[in-house]
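**Q** Structure incoming, see below.
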Amino acid sequence: MDNGKRKLANMSPEEKRNLAKQLLQEQTHQTKTPSQQTEREIQAEFYRFELLSGYRELQQQIEEMRRLNIQNPYFMAHEDVSNNTISIAGREYINYSGYNYLGMSGDPIVSKAAKEAIDKYGTSVSASRIVSGEIPIHSELEQELANLAGVESCLVFVSGYATNVTTIGHLFGPKDLLLHDALIHNSVVTGCQLSGARRIPFPHNDWQALDNLLAENRRYHERVLIILEGVYSMDGDIPELPKFIEVKKRHKALLMVDEAHSAGVLGPRGFGIGEHFGIKGTDIDLWMGTLSKAFASCGGYIAGCKEMVEYMKYLTPGAILYSVGLSPSNTGAALAAIRVMKAEPERVSRLQARSRFFLKRAQERSLNTGLSGGSAVVPVILGDSIKSLQLGQRLFERGINVQAMLYPSVPEEEARLRFFITAQHTEEQIKFTVDTVAEQLQELR
């Protein structure tokens, strides 16, 4: 106390005034109500969307494109069917930005089936299927999909993304282990996070690394799920599925394959990666796929044993309990597309031939196509986001529609243009496209 008095006595008048001011401010802050303190402490960026850091970063990227005279290539409305050609703002382009792989979207038979489903059942089933939203063509579609996968049963969802999120999030929990390819789709990662299970990515397509991870970790967990894609949507490559089946059997794990880009594409009849490798459908525990690509519709599905599907059908929140059933038009379109594919296998043959032709010509022109091989997805990797956008704009000006894939979709050093090949593309269109890409890339460099 004496020391404090001596310090106060030795202070100059100015120091005493500053001390008094500081003490007054501290007292005022302590007497504020909790609501006043909260209002004072919360920054505007926490409740105003235009100040969110992510939004400001987006605006900076858009401004950077403007500065470089790059037209924003996103959300451009097309005016007709997205097929091998597409109409944008009254001009026709050769189109590589849609995954109408077999030309089923816009096909007269498929469109007729969708219209007939609307005429009979309306534009919506108007309820969850477990309540009163079930229509006969739901089960017809599910049986066709199960037959493609070579398994007993199937369940369709209204969204491909939600199929992965809901299935993984519901079937697995904190005591389980989920191992997925490092390049797996975001929907799988989100489903893993929702489940609360331990998640370990393994190096891309590396079944030996997966084997080692399971040897180290399998005994600490109850259920273990391995997750692959039939065709990786950014790179267009195919996993060595038989090797992964061996690994999953050795460690008594479950195996899930996402066939979003392989159903309708791989195999002599388009039945997918299982047919491609000649394996039994029952060697895979969970076949996942989407209806929005080769099957000209919208939605997703899970196929496997009847016990799994029955459990999902009655108890999965995002599938049946709290989600409306797939619309009649989407159901009718997908069902018709599968039946047309089976009746016209030449569509699959033509798609595979056009894909090989594109890849071969791109490699002959020394374009970096990365890992692509055997699928209808062919990237041209530039390793620079700005150059990818610039090349995309140059191609657009010359009548070619293809999208740049940038960070965070891919690492910056792997920025690219991604080409989706369809059965409707002609060899002349592909020649012109690849040659134009090579010429414009050379000029850009």
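Following the order of the structure tokens, chains are lettered A, B, ..., residues in each are numbered from 1, and ligands are numbered from 1.
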Sort by chain and increasing residue number a table of all residues of range 232-332 of chain A within 9 Å of range 180-196 of chain A, each with its closest pair of atoms and their distance in Å to one decimal, counting only C-alpha atoms, and write it as a Markdown table.

**A**
| residue | atom | partner | partner_atom | distance |
| --- | --- | --- | --- | --- |
| A:Tyr232 | CA | A:Ile184 | CA | 7.5 |
| A:Ser233 | CA | A:His185 | CA | 8.0 |
| A:Met234 | CA | A:Leu183 | CA | 8.4 |
| A:Asp258 | CA | A:His185 | CA | 8.9 |

**Q** Could you write out, as a short mmCIF file (atom, residue, chain, number, x, y, z; two decimals) with C-alpha atoms, in the first residue's frame, all the residues of range 163-363 of chain A that DSSP marks as helix (DSSP H, G or I)?

**A**
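Output saved as out17.cif:
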data_model
loop_
_atom_site.label_atom_id
_atom_site.label_comp_id
_atom_site.auth_asym_id
_atom_site.auth_seq_id
_atom_site.Cartn_x
_atom_site.Cartn_y
_atom_site.Cartn_z
CA THR A 163 -27.21 -40.28 -51.91
CA ASN A 164 -23.60 -40.37 -50.73
CA VAL A 165 -24.13 -37.99 -47.81
CA THR A 166 -27.18 -39.83 -46.50
CA THR A 167 -25.98 -43.38 -47.06
CA ILE A 168 -22.56 -42.99 -45.47
CA GLY A 169 -23.83 -40.65 -42.77
CA HIS A 170 -26.56 -43.08 -41.73
CA LEU A 171 -24.87 -46.48 -42.04
CA ASN A 186 -16.86 -34.05 -52.08
CA SER A 187 -20.22 -35.75 -51.41
CA VAL A 188 -18.38 -38.78 -50.00
CA VAL A 189 -16.21 -36.62 -47.75
CA THR A 190 -19.30 -34.80 -46.48
CA GLY A 191 -21.02 -38.12 -45.74
CA CYS A 192 -17.96 -39.33 -43.85
CA GLN A 193 -17.91 -36.16 -41.75
CA LEU A 194 -21.63 -36.50 -40.99
CA SER A 195 -21.18 -40.08 -39.79
CA TRP A 207 -4.55 -50.48 -53.22
CA GLN A 208 -1.24 -51.45 -51.59
CA ALA A 209 -1.26 -48.33 -49.41
CA LEU A 210 -4.86 -49.15 -48.50
CA ASP A 211 -3.82 -52.70 -47.57
CA ASN A 212 -1.14 -51.32 -45.24
CA LEU A 213 -3.55 -48.88 -43.62
CA LEU A 214 -6.02 -51.66 -42.93
CA ALA A 215 -3.30 -53.88 -41.49
CA GLU A 216 -2.49 -51.10 -39.02
CA ASN A 217 -6.00 -49.90 -38.17
CA ARG A 218 -8.65 -52.54 -38.86
CA ARG A 219 -8.58 -54.17 -35.41
CA TYR A 220 -9.43 -50.90 -33.64
CA LEU A 241 -11.22 -52.85 -58.84
CA PRO A 242 -10.23 -56.55 -58.57
CA LYS A 243 -7.24 -55.58 -56.39
CA PHE A 244 -9.44 -53.52 -54.08
CA ILE A 245 -11.87 -56.43 -53.78
CA GLU A 246 -9.01 -58.67 -52.67
CA VAL A 247 -8.00 -56.12 -50.03
CA LYS A 248 -11.52 -55.69 -48.69
CA LYS A 249 -12.03 -59.45 -48.38
CA ARG A 250 -8.66 -59.93 -46.66
CA ILE A 273 -17.08 -50.95 -63.89
CA GLY A 274 -18.22 -54.37 -62.68
CA GLU A 275 -18.89 -55.47 -66.25
CA HIS A 276 -15.67 -53.73 -67.37
CA PHE A 277 -13.62 -56.02 -65.12
CA GLY A 281 -21.84 -57.66 -58.58
CA THR A 282 -22.08 -59.18 -55.12
CA ASP A 283 -18.35 -58.62 -54.58
CA LYS A 306 -31.89 -56.86 -50.04
CA GLU A 307 -31.20 -56.59 -46.31
CA MET A 308 -29.19 -53.39 -46.72
CA VAL A 309 -31.75 -51.84 -49.03
CA GLU A 310 -34.67 -52.77 -46.77
CA TYR A 311 -32.90 -51.20 -43.79
CA MET A 312 -32.20 -48.04 -45.79
CA LYS A 313 -35.74 -47.93 -47.16
CA TYR A 314 -37.40 -47.82 -43.76
CA LEU A 315 -34.89 -45.97 -41.62
CA PRO A 317 -33.78 -39.99 -43.09
CA GLY A 318 -32.56 -38.55 -46.40
CA ALA A 319 -33.91 -41.41 -48.51
CA ILE A 320 -37.47 -42.11 -47.50
CA LEU A 321 -38.56 -40.75 -44.13
CA PRO A 328 -42.63 -39.15 -62.05
CA SER A 329 -40.87 -37.46 -64.97
CA ASN A 330 -37.37 -38.18 -63.62
CA THR A 331 -38.34 -41.76 -62.83
CA GLY A 332 -39.86 -42.32 -66.26
CA ALA A 333 -36.91 -40.75 -68.06
CA ALA A 334 -34.28 -42.84 -66.23
CA LEU A 335 -36.26 -46.03 -66.69
CA ALA A 336 -36.61 -45.41 -70.44
CA ALA A 337 -32.92 -44.45 -70.80
CA ILE A 338 -31.76 -47.74 -69.26
CA ARG A 339 -34.05 -49.73 -71.52
CA VAL A 340 -32.90 -47.83 -74.63
CA MET A 341 -29.27 -48.43 -73.64
CA LYS A 342 -29.91 -52.17 -73.36
CA ALA A 343 -31.78 -52.22 -76.67
CA GLU A 346 -24.16 -49.41 -80.25
CA ARG A 347 -24.54 -46.17 -78.27
CA VAL A 348 -22.08 -47.47 -75.67
CA SER A 349 -19.71 -48.73 -78.37
CA ARG A 350 -19.79 -45.37 -80.13
CA LEU A 351 -19.16 -43.48 -76.89
CA GLN A 352 -16.14 -45.63 -76.09
CA ALA A 353 -14.77 -45.26 -79.63
CA ARG A 354 -15.16 -41.47 -79.58
CA SER A 355 -13.50 -41.27 -76.17
CA ARG A 356 -10.50 -43.30 -77.36
CA PHE A 357 -10.27 -41.14 -80.48
CA PHE A 358 -10.25 -37.90 -78.45
CA LEU A 359 -7.61 -39.17 -76.02
CA LYS A 360 -5.36 -40.54 -78.76
CA ARG A 361 -5.47 -37.33 -80.81
CA ALA A 362 -4.87 -35.18 -77.71
CA GLN A 363 -1.80 -37.22 -76.83
#

**Q** Quick one: pick out all strand (DSSP E) residues within range 60-202 of chain A from a backbone DSSP run and write them as a PyMOL selection string.

**A** chain A and resi 85-88+91-95+153-157+177-181+198-202

**Q** Between A:Leu391, A:Ala149, A:Leu417, A:Met65, which has the minimum distance to Arg269 in chain A (counting only C-alpha atoms)?

**A** A:Ala149
